[in-house]
Structures are given as structure tokens and as C-alpha cells.
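Next up, final18.cif (mmCIF, C-alpha atoms):
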```cif
data_final
#
loop_
_atom_site.group_PDB
_atom_site.id
_atom_site.type_symbol
_atom_site.label_atom_id
_atom_site.label_comp_id
_atom_site.auth_asym_id
_atom_site.auth_seq_id
_atom_site.Cartn_x
_atom_site.Cartn_y
_atom_site.Cartn_z
ATOM 1 C CA ARG A 20 -65.913 40.501 64.344
ATOM 2 C CA VAL A 21 -65.944 38.229 61.314
ATOM 3 C CA SER A 22 -63.080 35.822 60.599
ATOM 4 C CA CYS A 23 -64.435 34.216 57.435
ATOM 5 C CA ILE A 24 -67.255 34.294 54.902
ATOM 6 C CA ALA A 25 -67.912 31.166 52.816
ATOM 7 C CA VAL A 26 -70.470 31.152 49.994
ATOM 8 C CA ASP A 27 -71.993 27.940 48.648
ATOM 9 C CA PRO A 28 -70.484 27.553 45.137
ATOM 10 C CA THR A 29 -73.712 25.971 43.865
ATOM 11 C CA ASN A 30 -76.182 28.423 45.407
ATOM 12 C CA GLY A 31 -75.254 32.032 46.086
ATOM 13 C CA GLN A 32 -78.184 32.442 48.459
ATOM 14 C CA ILE A 33 -76.480 30.110 50.946
ATOM 15 C CA ALA A 34 -73.533 31.451 52.910
ATOM 16 C CA TYR A 35 -71.735 30.951 56.194
ATOM 17 C CA VAL A 36 -70.201 33.622 58.405
ATOM 18 C CA ALA A 37 -67.668 32.614 61.060
ATOM 19 C CA ALA A 38 -67.677 35.139 63.890
ATOM 20 C CA ALA A 39 -64.474 35.602 65.853
ATOM 21 C CA GLN A 40 -66.215 34.809 69.140
ATOM 22 C CA GLY A 41 -69.746 33.924 68.015
ATOM 23 C CA GLY A 42 -69.502 30.649 66.120
ATOM 24 C CA VAL A 43 -70.806 30.004 62.600
ATOM 25 C CA TRP A 44 -74.018 31.551 61.262
ATOM 26 C CA LYS A 45 -75.842 30.416 58.118
ATOM 27 C CA THR A 46 -78.140 32.195 55.691
ATOM 28 C CA MET A 47 -80.275 30.486 53.057
ATOM 29 C CA ASN A 48 -81.813 33.661 51.645
ATOM 30 C CA GLY A 49 -78.864 35.808 50.662
ATOM 31 C CA GLY A 50 -78.336 37.343 54.079
ATOM 32 C CA THR A 51 -81.891 38.398 54.907
ATOM 33 C CA SER A 52 -81.940 36.117 57.948
ATOM 34 C CA TRP A 53 -79.316 34.102 59.806
ATOM 35 C CA THR A 54 -79.249 31.022 62.045
ATOM 36 C CA PRO A 55 -76.414 30.005 64.402
ATOM 37 C CA ILE A 56 -75.313 26.441 63.642
ATOM 38 C CA THR A 57 -72.421 25.760 66.040
ATOM 39 C CA ASP A 58 -73.861 26.722 69.425
ATOM 40 C CA ALA A 59 -73.635 23.097 70.607
ATOM 41 C CA LEU A 60 -69.877 22.913 69.975
ATOM 42 C CA PRO A 61 -67.402 23.410 72.844
ATOM 43 C CA THR A 62 -66.067 26.683 71.409
ATOM 44 C CA LEU A 63 -67.430 29.696 69.535
ATOM 45 C CA ALA A 64 -64.031 31.109 68.603
ATOM 46 C CA SER A 65 -63.799 30.918 64.809
ATOM 47 C CA GLY A 66 -60.858 30.831 62.453
ATOM 48 C CA TRP A 67 -62.130 29.515 59.121
ATOM 49 C CA VAL A 68 -64.985 27.759 57.319
ATOM 50 C CA GLU A 69 -64.248 25.782 54.154
ATOM 51 C CA ILE A 70 -66.871 24.312 51.815
ATOM 52 C CA LEU A 71 -65.934 21.165 49.910
ATOM 53 C CA PRO A 72 -66.196 22.229 46.242
ATOM 54 C CA ALA A 73 -67.386 18.794 45.092
ATOM 55 C CA ASP A 74 -70.119 18.573 47.755
ATOM 56 C CA ALA A 75 -71.423 21.779 49.316
ATOM 57 C CA ASN A 76 -73.003 19.792 52.156
ATOM 58 C CA VAL A 77 -69.531 19.090 53.524
ATOM 59 C CA LEU A 78 -68.108 21.875 55.691
ATOM 60 C CA TYR A 79 -64.876 22.161 57.641
ATOM 61 C CA TYR A 80 -64.801 24.488 60.647
ATOM 62 C CA GLY A 81 -61.419 25.502 62.009
ATOM 63 C CA THR A 82 -61.804 26.946 65.490
ATOM 64 C CA GLY A 83 -59.614 29.510 67.245
ATOM 65 C CA GLU A 84 -59.163 33.039 65.883
ATOM 66 C CA GLN A 85 -55.587 33.395 64.600
ATOM 67 C CA HIS A 86 -55.326 37.179 64.473
ATOM 68 C CA TYR A 87 -52.613 37.702 67.102
ATOM 69 C CA SER A 88 -54.566 40.003 69.420
ATOM 70 C CA ALA A 89 -55.057 39.786 73.170
ATOM 71 C CA ASP A 90 -58.738 38.949 72.644
ATOM 72 C CA SER A 91 -58.279 36.420 69.840
ATOM 73 C CA PHE A 92 -59.363 33.306 71.694
ATOM 74 C CA TYR A 93 -58.169 29.730 71.256
ATOM 75 C CA GLY A 94 -60.348 27.005 69.797
ATOM 76 C CA ASP A 95 -60.875 23.274 70.114
ATOM 77 C CA GLY A 96 -59.551 21.938 66.826
ATOM 78 C CA LEU A 97 -61.183 21.074 63.505
ATOM 79 C CA PHE A 98 -64.809 20.020 62.991
ATOM 80 C CA ARG A 99 -66.638 18.616 59.961
ATOM 81 C CA SER A 100 -70.273 18.615 58.906
ATOM 82 C CA THR A 101 -71.677 16.422 56.134
ATOM 83 C CA ASP A 102 -75.183 17.880 56.270
ATOM 84 C CA ALA A 103 -74.567 21.577 55.586
ATOM 85 C CA GLY A 104 -74.064 22.457 59.235
ATOM 86 C CA ALA A 105 -76.975 20.604 60.816
ATOM 87 C CA SER A 106 -74.573 18.419 62.817
ATOM 88 C CA TRP A 107 -70.829 18.335 63.457
ATOM 89 C CA THR A 108 -68.111 15.797 64.196
ATOM 90 C CA LYS A 109 -64.746 16.609 65.698
ATOM 91 C CA LEU A 110 -62.081 15.709 63.146
ATOM 92 C CA ALA A 111 -58.903 16.738 64.963
ATOM 93 C CA ASP A 112 -58.017 18.062 68.390
ATOM 94 C CA ASP A 113 -56.374 21.436 68.903
ATOM 95 C CA ALA A 114 -53.192 19.686 70.068
ATOM 96 C CA VAL A 115 -52.931 18.214 66.562
ATOM 97 C CA VAL A 116 -54.024 21.000 64.206
ATOM 98 C CA GLY A 117 -53.465 23.997 66.477
ATOM 99 C CA ALA A 118 -55.437 25.990 69.014
ATOM 100 C CA TYR A 119 -55.691 28.817 66.483
ATOM 101 C CA ILE A 120 -56.580 28.111 62.838
ATOM 102 C CA SER A 121 -56.271 30.576 59.974
ATOM 103 C CA ARG A 122 -57.032 28.403 56.929
ATOM 104 C CA VAL A 123 -58.490 25.040 55.960
ATOM 105 C CA ARG A 124 -58.080 23.842 52.378
ATOM 106 C CA VAL A 125 -59.151 20.683 50.565
ATOM 107 C CA MET A 126 -56.869 19.453 47.811
ATOM 108 C CA PRO A 127 -58.698 19.845 44.473
ATOM 109 C CA GLY A 128 -59.650 16.470 43.040
ATOM 110 C CA THR A 129 -58.545 14.670 46.204
ATOM 111 C CA PRO A 130 -61.100 15.415 48.935
ATOM 112 C CA GLY A 131 -59.371 13.086 51.381
ATOM 113 C CA THR A 132 -56.322 15.359 51.502
ATOM 114 C CA LEU A 133 -56.815 18.249 53.913
ATOM 115 C CA PHE A 134 -54.523 21.177 54.664
ATOM 116 C CA VAL A 135 -54.723 23.227 57.873
ATOM 117 C CA ALA A 136 -52.777 26.403 58.637
ATOM 118 C CA GLY A 137 -52.590 27.471 62.245
ATOM 119 C CA SER A 138 -50.616 27.771 65.443
ATOM 120 C CA ASN A 139 -49.109 24.310 64.863
ATOM 121 C CA GLY A 140 -47.766 25.377 61.477
ATOM 122 C CA PHE A 141 -48.881 23.529 58.342
ATOM 123 C CA VAL A 142 -50.643 20.262 59.145
ATOM 124 C CA ARG A 143 -52.092 17.835 56.622
ATOM 125 C CA SER A 144 -54.138 14.657 56.419
ATOM 126 C CA THR A 145 -54.200 12.320 53.434
ATOM 127 C CA ASP A 146 -56.902 9.998 54.767
ATOM 128 C CA GLY A 147 -59.839 12.305 55.298
ATOM 129 C CA GLY A 148 -58.804 13.434 58.753
ATOM 130 C CA ALA A 149 -58.168 10.034 60.354
ATOM 131 C CA THR A 150 -54.467 10.830 60.860
ATOM 132 C CA TRP A 151 -52.441 14.046 60.682
ATOM 133 C CA SER A 152 -48.843 15.127 60.283
ATOM 134 C CA GLY A 153 -47.175 18.498 60.712
ATOM 135 C CA THR A 154 -44.894 19.079 57.748
ATOM 136 C CA LEU A 155 -43.975 22.785 58.060
ATOM 137 C CA LEU A 156 -43.289 23.697 61.670
ATOM 138 C CA VAL A 157 -40.984 26.737 61.440
ATOM 139 C CA SER A 158 -43.650 29.127 62.740
ATOM 140 C CA TRP A 159 -47.388 29.734 62.859
ATOM 141 C CA CYS A 160 -48.885 29.309 59.387
ATOM 142 C CA ASP A 161 -51.135 32.153 58.206
ATOM 143 C CA ASP A 162 -52.197 31.328 54.656
ATOM 144 C CA ILE A 163 -52.360 28.537 52.092
ATOM 145 C CA ALA A 164 -52.618 28.828 48.306
ATOM 146 C CA VAL A 165 -53.190 25.690 46.231
ATOM 147 C CA HIS A 166 -52.433 25.640 42.506
ATOM 148 C CA PRO A 167 -55.835 25.039 40.843
ATOM 149 C CA ALA A 168 -54.476 23.170 37.827
ATOM 150 C CA ALA A 169 -51.636 21.365 39.604
ATOM 151 C CA PRO A 170 -52.887 20.752 43.150
ATOM 152 C CA GLN A 171 -49.670 19.049 44.197
ATOM 153 C CA VAL A 172 -48.218 22.573 44.231
ATOM 154 C CA VAL A 173 -48.996 24.351 47.501
ATOM 155 C CA PHE A 174 -47.757 27.666 48.920
ATOM 156 C CA ALA A 175 -47.802 28.518 52.624
ATOM 157 C CA THR A 176 -46.957 31.728 54.462
ATOM 158 C CA THR A 177 -45.443 31.540 57.924
ATOM 159 C CA PHE A 178 -45.281 34.290 60.522
ATOM 160 C CA ALA A 179 -41.928 36.120 60.164
ATOM 161 C CA SER A 180 -40.301 33.008 58.704
ATOM 162 C CA GLY A 181 -40.796 33.139 54.949
ATOM 163 C CA VAL A 182 -43.069 31.877 52.198
ATOM 164 C CA PHE A 183 -42.683 28.191 51.382
ATOM 165 C CA LYS A 184 -43.559 26.047 48.369
ATOM 166 C CA SER A 185 -44.347 22.352 48.154
ATOM 167 C CA THR A 186 -44.530 20.302 44.959
ATOM 168 C CA ASP A 187 -45.734 17.117 46.657
ATOM 169 C CA ALA A 188 -49.012 18.247 48.257
ATOM 170 C CA GLY A 189 -47.423 19.560 51.420
ATOM 171 C CA ALA A 190 -45.159 16.627 52.261
ATOM 172 C CA THR A 191 -41.929 18.623 51.877
ATOM 173 C CA TRP A 192 -41.168 22.325 51.549
ATOM 174 C CA ALA A 193 -38.645 24.776 50.163
ATOM 175 C CA LEU A 194 -38.274 28.473 50.985
ATOM 176 C CA VAL A 195 -39.461 30.692 48.135
ATOM 177 C CA GLY A 196 -36.977 33.273 46.899
ATOM 178 C CA GLY A 197 -37.114 34.945 43.531
ATOM 179 C CA GLY A 198 -37.582 38.405 44.998
ATOM 180 C CA LEU A 199 -39.798 37.642 48.000
ATOM 181 C CA PRO A 200 -38.585 38.739 51.439
ATOM 182 C CA ALA A 201 -37.440 35.967 53.759
ATOM 183 C CA SER A 202 -37.347 38.112 56.895
ATOM 184 C CA GLY A 203 -38.214 41.535 58.269
ATOM 185 C CA TYR A 204 -41.969 41.047 58.173
ATOM 186 C CA ASP A 205 -44.650 39.452 60.353
ATOM 187 C CA ARG A 206 -47.899 38.230 58.785
ATOM 188 C CA ALA A 207 -48.230 37.487 55.056
ATOM 189 C CA GLN A 208 -51.046 36.490 52.703
ATOM 190 C CA ILE A 209 -50.754 34.781 49.314
ATOM 191 C CA VAL A 210 -53.191 34.013 46.507
ATOM 192 C CA VAL A 211 -53.241 32.394 43.056
ATOM 193 C CA ALA A 212 -55.441 33.868 40.320
ATOM 194 C CA PRO A 213 -57.932 31.093 39.446
ATOM 195 C CA SER A 214 -58.268 32.186 35.822
ATOM 196 C CA ASP A 215 -54.505 32.410 35.208
ATOM 197 C CA VAL A 216 -52.471 30.244 37.557
ATOM 198 C CA ASN A 217 -49.254 31.967 36.509
ATOM 199 C CA VAL A 218 -50.413 35.114 38.304
ATOM 200 C CA MET A 219 -49.922 35.304 42.059
ATOM 201 C CA TYR A 220 -49.993 38.081 44.642
ATOM 202 C CA ALA A 221 -48.507 38.277 48.144
ATOM 203 C CA SER A 222 -48.811 40.924 50.843
ATOM 204 C CA PHE A 223 -46.623 41.441 53.918
ATOM 205 C CA THR A 224 -46.947 43.491 57.089
ATOM 206 C CA ASP A 225 -44.026 44.925 59.034
ATOM 207 C CA ALA A 226 -43.484 44.599 62.774
ATOM 208 C CA GLY A 227 -45.497 47.775 63.355
ATOM 209 C CA GLY A 228 -48.530 46.485 61.474
ATOM 210 C CA TYR A 229 -48.020 48.627 58.379
ATOM 211 C CA LEU A 230 -47.502 47.507 54.789
ATOM 212 C CA PHE A 231 -44.057 45.952 54.442
ATOM 213 C CA GLY A 232 -44.386 45.035 50.780
ATOM 214 C CA PHE A 233 -46.790 43.884 48.093
ATOM 215 C CA PHE A 234 -45.500 41.489 45.435
ATOM 216 C CA LYS A 235 -46.664 39.929 42.178
ATOM 217 C CA SER A 236 -45.547 36.908 40.178
ATOM 218 C CA THR A 237 -46.397 36.145 36.568
ATOM 219 C CA ASP A 238 -44.568 32.800 36.381
ATOM 220 C CA ALA A 239 -46.416 30.754 39.003
ATOM 221 C CA GLY A 240 -44.285 31.950 41.894
ATOM 222 C CA ASP A 241 -40.792 31.408 40.500
ATOM 223 C CA THR A 242 -39.949 35.132 40.451
ATOM 224 C CA TRP A 243 -41.599 38.114 42.129
ATOM 225 C CA THR A 244 -41.746 41.866 41.570
ATOM 226 C CA GLN A 245 -42.571 44.365 44.285
ATOM 227 C CA LEU A 246 -45.471 46.667 43.408
ATOM 228 C CA LEU A 247 -44.530 50.134 44.611
ATOM 229 C CA SER A 248 -47.796 52.008 44.019
ATOM 230 C CA VAL A 249 -49.834 50.178 46.672
ATOM 231 C CA PRO A 250 -51.363 52.620 49.199
ATOM 232 C CA GLU A 251 -51.158 52.084 52.942
ATOM 233 C CA TYR A 252 -54.204 49.968 53.757
ATOM 234 C CA MET A 253 -53.024 48.094 56.831
ATOM 235 C CA GLY A 254 -52.779 51.199 59.006
ATOM 236 C CA GLY A 255 -50.778 49.716 61.855
ATOM 237 C CA GLN A 256 -52.964 46.653 62.202
ATOM 238 C CA GLY A 257 -51.820 44.370 59.400
ATOM 239 C CA TRP A 258 -50.953 41.662 61.905
ATOM 240 C CA TYR A 259 -54.712 41.530 62.549
ATOM 241 C CA ASP A 260 -56.590 42.913 59.526
ATOM 242 C CA GLN A 261 -55.147 41.612 56.278
ATOM 243 C CA CYS A 262 -57.066 40.109 53.370
ATOM 244 C CA LEU A 263 -56.093 39.365 49.771
ATOM 245 C CA VAL A 264 -58.519 38.235 47.041
ATOM 246 C CA VAL A 265 -58.340 37.866 43.248
ATOM 247 C CA SER A 266 -61.358 37.741 40.976
ATOM 248 C CA PRO A 267 -62.140 34.165 39.852
ATOM 249 C CA SER A 268 -62.457 35.321 36.247
ATOM 250 C CA ASN A 269 -59.929 38.164 35.901
ATOM 251 C CA PRO A 270 -56.312 37.872 37.131
ATOM 252 C CA ASP A 271 -55.889 41.652 36.971
ATOM 253 C CA LEU A 272 -58.781 42.371 39.330
ATOM 254 C CA VAL A 273 -57.398 42.138 42.852
ATOM 255 C CA PHE A 274 -58.589 43.380 46.248
ATOM 256 C CA ALA A 275 -56.610 43.921 49.445
ATOM 257 C CA GLY A 276 -58.243 44.716 52.774
ATOM 258 C CA GLY A 277 -56.944 46.106 56.043
ATOM 259 C CA ILE A 278 -57.972 48.569 58.724
ATOM 260 C CA TYR A 279 -61.019 50.818 58.480
ATOM 261 C CA PRO A 280 -59.844 54.145 56.944
ATOM 262 C CA TYR A 281 -60.219 56.400 59.974
ATOM 263 C CA ASP A 282 -58.507 59.310 58.225
ATOM 264 C CA VAL A 283 -57.452 60.380 54.741
ATOM 265 C CA SER A 284 -53.964 58.890 55.153
ATOM 266 C CA LEU A 285 -55.380 55.364 55.161
ATOM 267 C CA ALA A 286 -57.121 53.165 52.601
ATOM 268 C CA GLY A 287 -59.257 50.349 53.965
ATOM 269 C CA VAL A 288 -60.190 48.086 51.040
ATOM 270 C CA ILE A 289 -58.240 48.762 47.871
ATOM 271 C CA ARG A 290 -58.867 47.509 44.350
ATOM 272 C CA SER A 291 -56.715 47.245 41.256
ATOM 273 C CA THR A 292 -58.139 46.532 37.826
ATOM 274 C CA ASN A 293 -54.784 46.412 36.052
ATOM 275 C CA GLY A 294 -52.868 43.764 37.957
ATOM 276 C CA GLY A 295 -51.547 46.037 40.687
ATOM 277 C CA GLY A 296 -50.407 48.884 38.469
ATOM 278 C CA THR A 297 -52.750 51.380 40.108
ATOM 279 C CA TRP A 298 -55.144 51.167 43.048
ATOM 280 C CA THR A 299 -58.406 52.728 44.223
ATOM 281 C CA ASP A 300 -59.733 52.882 47.764
ATOM 282 C CA VAL A 301 -63.244 51.435 47.450
ATOM 283 C CA THR A 302 -64.285 52.191 51.038
#
```
If you took the structure in this file and wrote it as C-alpha cells, what would it be?
Amino acid sequence: RVSCIAVDPTNGQIAYVAAAQGGVWKTMNGGTSWTPITDALPTLASGWVEILPADANVLYYGTGEQHYSADSFYGDGLFRSTDAGASWTKLADDAVVGAYISRVRVMPGTPGTLFVAGSNGFVRSTDGGATWSGTLLVSWCDDIAVHPAAPQVVFATTFASGVFKSTDAGATWALVGGGLPASGYDRAQIVVAPSDVNVMYASFTDAGGYLFGFFKSTDAGDTWTQLLSVPEYMGGQGWYDQCLVVSPSNPDLVFAGGIYPYDVSLAGVIRSTNGGGTWTDVT
């Protein structure tokens, strides 16, 4: 299984795939061939790989697969490479950042500020990983969205405990209302459209793993509207398979991914080209 795919922003031929139980693999030729680059680390359970936008040689590897299944194995914390994966240094132990990690984000314009979402909630460092503090500990943290133009503004989703917003780079938090559910769901994903930061999307799964609700904001997360035309793409496994992506150049082009469509009642990867008005199953 694959937990994460990270593509070098300066060279599309270079990419990293984090396997759920197989460590990180790297390609330098657009996927023609692959090399494992984390076999020497103490764990091969992968949660996330993040590339530092300002320096693609710097990678952050969050270990532990946070997908809530019986065979989603724990990791050994957060690792960093400064040479594009040739060597690694342990940045934080699993007791600090969580044994399962779902996201690692670097604050835009401030590479010393790191955000980690995982089984310890939302944890951040403001000194490049030397010290850490947990600032949102209500539940496991599943996703992080950072405002591209105002990086002090951070959104975090927590398992069954609400979506939270910070206006001070993750130091303090407030529960997001404005039409978003605060309970009744399990896992949630959230994303900001890079080309129009007023546009945001959020997806929620119910306790049975099916779509609980899909929401959109056009005022940077202050108010939300539920989109009612979204087809069932989670298929009873949204606690495990749930992905949400917006085009970097078009805020109306959005993809949501879930379970493989085993029958005609399910949609696996869906796409909207009109901001969530209508959807097409592209699998």
C-alpha cells in the first residue's frame, strides 16, 4: 500500500513514494525505476513524506501508518534528510510526535517551523525540530491545511472531535463552526485551493466508513456549505481510504479519493471541474 507520494517541485522526474510497510522509494526518471532509501532506518512503516519547498534536498519522513486498521503499524518518530534521501537523522521520537503520523508540514517562509499531525494530536516545533510542543491534543490529528498567503493561519482536522483553526501558527486553536459538523463523524480531510485561498474543501466519513458530508467554503473557512451532489466514494472504508486534492492552478478542479469501485454503486476517485457542483468518477 502507498501512504504518500511526494514530487520534487523543481524536477518532476524526481518523486518519492512512502509505502505503508515498505519504507520510502525514490525515482529520478519519472517512475521508470525505483530505489529504496530508508532500509537502514529502524522502521519501514510510513505515514508521510514532505519536501521542503525552498530546498528540495530537505525531506521530512513521518513514520507510522495512521490509517486506523489492524495492520497499520506504528513508527519510530520523525526523520529528516538534507541530501535528498541519501542519509537520515532522527528529528523527534515517537513519544513526542506520535507513533502514527498522517501529515508533516513546513510553515511557508519559515522553514524552522514544523507541523506534525498524528496520534499525539497536533505537534509543532519553531526551532527546526530541536524542541516540540503539543498544542492540539483533543484527539488524533488527521490533516493539516496551511494558508499559502497567510501561513500563520492553520487548519487541523481531528478524529471525531472537530475541525480547528489557528491564527498564530498552531500555538492556540478554536473550533471551526460556520456550518461544519463538530461531531457525528470520524476521519476528516481539509484542503485550501492554492490559486484562490478563499476556497476550501473538507470531507468527512461517518462511523461506518461511508461519506458523512462534503463541504466547501468560499470565504477562507469562515462559513461552509454542504455539497449534496457528491457520490459515495468512500464505500465503507473512509476511515482508511480518504484523499482530497485541489488543482494548484484552478480552485474549481478538485479530486476526492476513496475505496476501489468494486461495483457500480461506488465511485473510487471522483473529480469536479465546477467547484463541487457536479462530479465524475474517473476510475
Residues at most 10 Å from Ala103 in chain A, counting all atoms listed in the file, excluding those fewer than 2 positions away in the same chain, as a PyMOL selection string? chain A and resi 27+33+35+45+56+70+74-79+99-101+105-107
Asp112 in chain A environment, 10 Å, only C-alpha atoms, sequence neighbours closer than 5 positions dropped, as a ChimeraX atom specification: /A:94-98,117-118
To test your reading of the syntax: which residues would the PyMOL selection byres ((chain A and resi 219) around 9) return for the file shown? Reply as a short mmCIF file (atom, residue, chain, number, x, y, z; two decimals) with C-alpha atoms, keeping the file's coordinate frame.
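Heads up, here's the output in selection_0.cif:
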```
data_model
loop_
_atom_site.label_atom_id
_atom_site.label_comp_id
_atom_site.auth_asym_id
_atom_site.auth_seq_id
_atom_site.Cartn_x
_atom_site.Cartn_y
_atom_site.Cartn_z
CA ILE A 209 -50.75 34.78 49.31
CA VAL A 210 -53.19 34.01 46.51
CA VAL A 211 -53.24 32.39 43.06
CA ALA A 212 -55.44 33.87 40.32
CA ASP A 215 -54.50 32.41 35.21
CA VAL A 216 -52.47 30.24 37.56
CA ASN A 217 -49.25 31.97 36.51
CA VAL A 218 -50.41 35.11 38.30
CA TYR A 220 -49.99 38.08 44.64
CA ALA A 221 -48.51 38.28 48.14
CA PHE A 234 -45.50 41.49 45.44
CA LYS A 235 -46.66 39.93 42.18
CA SER A 236 -45.55 36.91 40.18
CA THR A 237 -46.40 36.15 36.57
CA ASP A 238 -44.57 32.80 36.38
CA ALA A 239 -46.42 30.75 39.00
CA GLY A 240 -44.28 31.95 41.89
CA TRP A 243 -41.60 38.11 42.13
CA VAL A 265 -58.34 37.87 43.25
CA PRO A 270 -56.31 37.87 37.13
#
```
Taking the file as I've supplied it (selection: the PyMOL selection byres ((chain A and resi 297) around 10)), which residues are included? Please answer as number ranges by chain. A: 246-250, 289-296, 298-299
Run through the PyMOL selection byres ((chain A and resi 37) around 10) on the given coordinates and return the selected residues as a PyMOL selection string. chain A and resi 20-25+35-36+38-45+55+57+63-68+80-82+84
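If you count all atoms listed in the file and ignore residues fewer than 2 places along the chain from range 124-138 of chain A, what sits within 7 Å of it is A:Glu69, A:Leu71, A:Val116, A:Gly117, A:Ala118, A:Tyr119, A:Ile120, A:Ser121, A:Arg122, A:Gly140, A:Phe141, A:Val142, A:Arg143, A:Ser144, A:Thr145, A:Asp146, A:Gly147, A:Trp159, A:Cys160, A:Asp161, A:Asp162, A:Ile163, A:Pro167, A:Pro170.
When CA of Gln32 in chain A is paired with CA of Asn48 in chain A, their separation reads 5.0 Å.
The two atoms in question, CA of Gln256 in chain A and CA of Val283 in chain A, are spaced 16.3 Å apart.
As for CA of Ala188 in chain A and CA of Gln208 in chain A, they are spaced 18.9 Å apart.
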I'd like the neighbourhood of Gly276 in chain A as a PyMOL selection string, where a residue qualifies if any of its atoms comes within 10 Å (using only C-alpha atoms), though same-chain residues fewer than 3 positions away should be ignored. chain A and resi 252-253+257+260-264+279+286-290+300-302
Store the residues picked out above, limited to C-alpha atoms, as an mmCIF file, keeping the file's coordinate frame.
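Written output follows (selection_9.cif):
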```cif
data_model
loop_
_atom_site.group_PDB
_atom_site.id
_atom_site.type_symbol
_atom_site.label_atom_id
_atom_site.label_comp_id
_atom_site.auth_asym_id
_atom_site.auth_seq_id
_atom_site.Cartn_x
_atom_site.Cartn_y
_atom_site.Cartn_z
ATOM 1 C CA TYR A 252 -54.204 49.968 53.757
ATOM 2 C CA MET A 253 -53.024 48.094 56.831
ATOM 3 C CA GLY A 257 -51.820 44.370 59.400
ATOM 4 C CA ASP A 260 -56.590 42.913 59.526
ATOM 5 C CA GLN A 261 -55.147 41.612 56.278
ATOM 6 C CA CYS A 262 -57.066 40.109 53.370
ATOM 7 C CA LEU A 263 -56.093 39.365 49.771
ATOM 8 C CA VAL A 264 -58.519 38.235 47.041
ATOM 9 C CA TYR A 279 -61.019 50.818 58.480
ATOM 10 C CA ALA A 286 -57.121 53.165 52.601
ATOM 11 C CA GLY A 287 -59.257 50.349 53.965
ATOM 12 C CA VAL A 288 -60.190 48.086 51.040
ATOM 13 C CA ILE A 289 -58.240 48.762 47.871
ATOM 14 C CA ARG A 290 -58.867 47.509 44.350
ATOM 15 C CA ASP A 300 -59.733 52.882 47.764
ATOM 16 C CA VAL A 301 -63.244 51.435 47.450
ATOM 17 C CA THR A 302 -64.285 52.191 51.038
#
```
Step by step, gather every atom of range 181-190 of chain A that the file lists, find the box along x, y and z that holds them, add 3 Å on each side, and finally give centre and edge lengths in Å to one decimal, as JSON.
```
{"center_x": -44.9, "center_y": 24.9, "center_z": 50.0, "size_x": 14.2, "size_y": 22.5, "size_z": 16.0}
```
Neighbourhood query: residues within 9 Å of (-64.9, 33.6, 38.6), file coordinates, counting all atoms listed in the file; return as a tab-separated table (two decimals) with C-alpha atoms, in the frame of the given file.
```tsv
chain	number	residue	atom	x	y	z
A	213	PRO	CA	-57.93	31.09	39.45
A	214	SER	CA	-58.27	32.19	35.82
A	266	SER	CA	-61.36	37.74	40.98
A	267	PRO	CA	-62.14	34.16	39.85
A	268	SER	CA	-62.46	35.32	36.25
A	269	ASN	CA	-59.93	38.16	35.90
```
Selection as a PyMOL selection string: residues within 12 Å of (-38.8, 24.1, 49.7), counting all atoms listed in the file: chain A and resi 154-155+172-175+181-196+241
When you look at Gly255 in chain A with a cut-off of 10 Å (counting all atoms listed in the file), what residues show up, excluding the ones that are within fewer than 4 positions of it in the same chain? I need them as a VMD selection string. chain A and resid 224 to 230 251 259 to 260 277 to 278 285
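You can rank A:Val123, A:Val273, A:Leu110, A:Ala207 by their closest distance to Val165 in chain A using only C-alpha atoms, and at the top of that list sits A:Val123.
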Between A:Ser180, A:Asn139, A:Thr62, A:Phe223, which residue has the minimum interatomic distance to Leu156 in chain A, considering only C-alpha atoms? A:Asn139
Taking only all heavy atoms, show range 123-127 of chain A of the given structure as a CSV table (one decimal), in the first residue's frame.
```csv
chain,number,residue,atom,x,y,z
A,123,VAL,N,3.0,15.9,7.7
A,123,VAL,CA,4.1,16.8,8.1
A,123,VAL,C,4.1,18.0,7.2
A,123,VAL,O,4.0,17.9,6.0
A,123,VAL,CB,5.5,16.1,8.0
A,123,VAL,CG1,6.6,17.1,8.5
A,123,VAL,CG2,5.5,14.8,8.8
A,124,ARG,N,4.0,19.2,7.8
A,124,ARG,CA,4.0,20.4,7.0
A,124,ARG,C,5.1,21.4,7.5
A,124,ARG,O,5.4,21.4,8.7
A,124,ARG,CB,2.6,21.1,7.1
A,124,ARG,CG,1.5,20.3,6.6
A,124,ARG,CD,1.6,20.1,5.1
A,124,ARG,NE,0.4,19.5,4.5
A,124,ARG,CZ,0.3,18.9,3.4
A,124,ARG,NH1,1.4,18.7,2.7
A,124,ARG,NH2,-0.8,18.4,2.9
A,125,VAL,N,5.7,22.1,6.6
A,125,VAL,CA,6.6,23.2,6.9
A,125,VAL,C,5.9,24.5,6.7
A,125,VAL,O,5.3,24.7,5.6
A,125,VAL,CB,7.9,23.1,6.0
A,125,VAL,CG1,8.9,24.1,6.4
A,125,VAL,CG2,8.5,21.7,6.2
A,126,MET,N,6.0,25.4,7.6
A,126,MET,CA,5.4,26.7,7.5
A,126,MET,C,6.0,27.5,6.3
A,126,MET,O,7.2,27.7,6.3
A,126,MET,CB,5.5,27.5,8.8
A,126,MET,CG,4.8,28.8,8.8
A,126,MET,SD,4.9,29.6,10.5
A,126,MET,CE,4.2,31.2,10.1
A,127,PRO,N,5.2,27.9,5.4
A,127,PRO,CA,5.8,28.7,4.2
A,127,PRO,C,6.5,29.9,4.7
A,127,PRO,O,6.0,30.7,5.5
A,127,PRO,CB,4.5,29.0,3.4
A,127,PRO,CG,3.5,28.0,3.8
A,127,PRO,CD,3.8,27.7,5.2
```
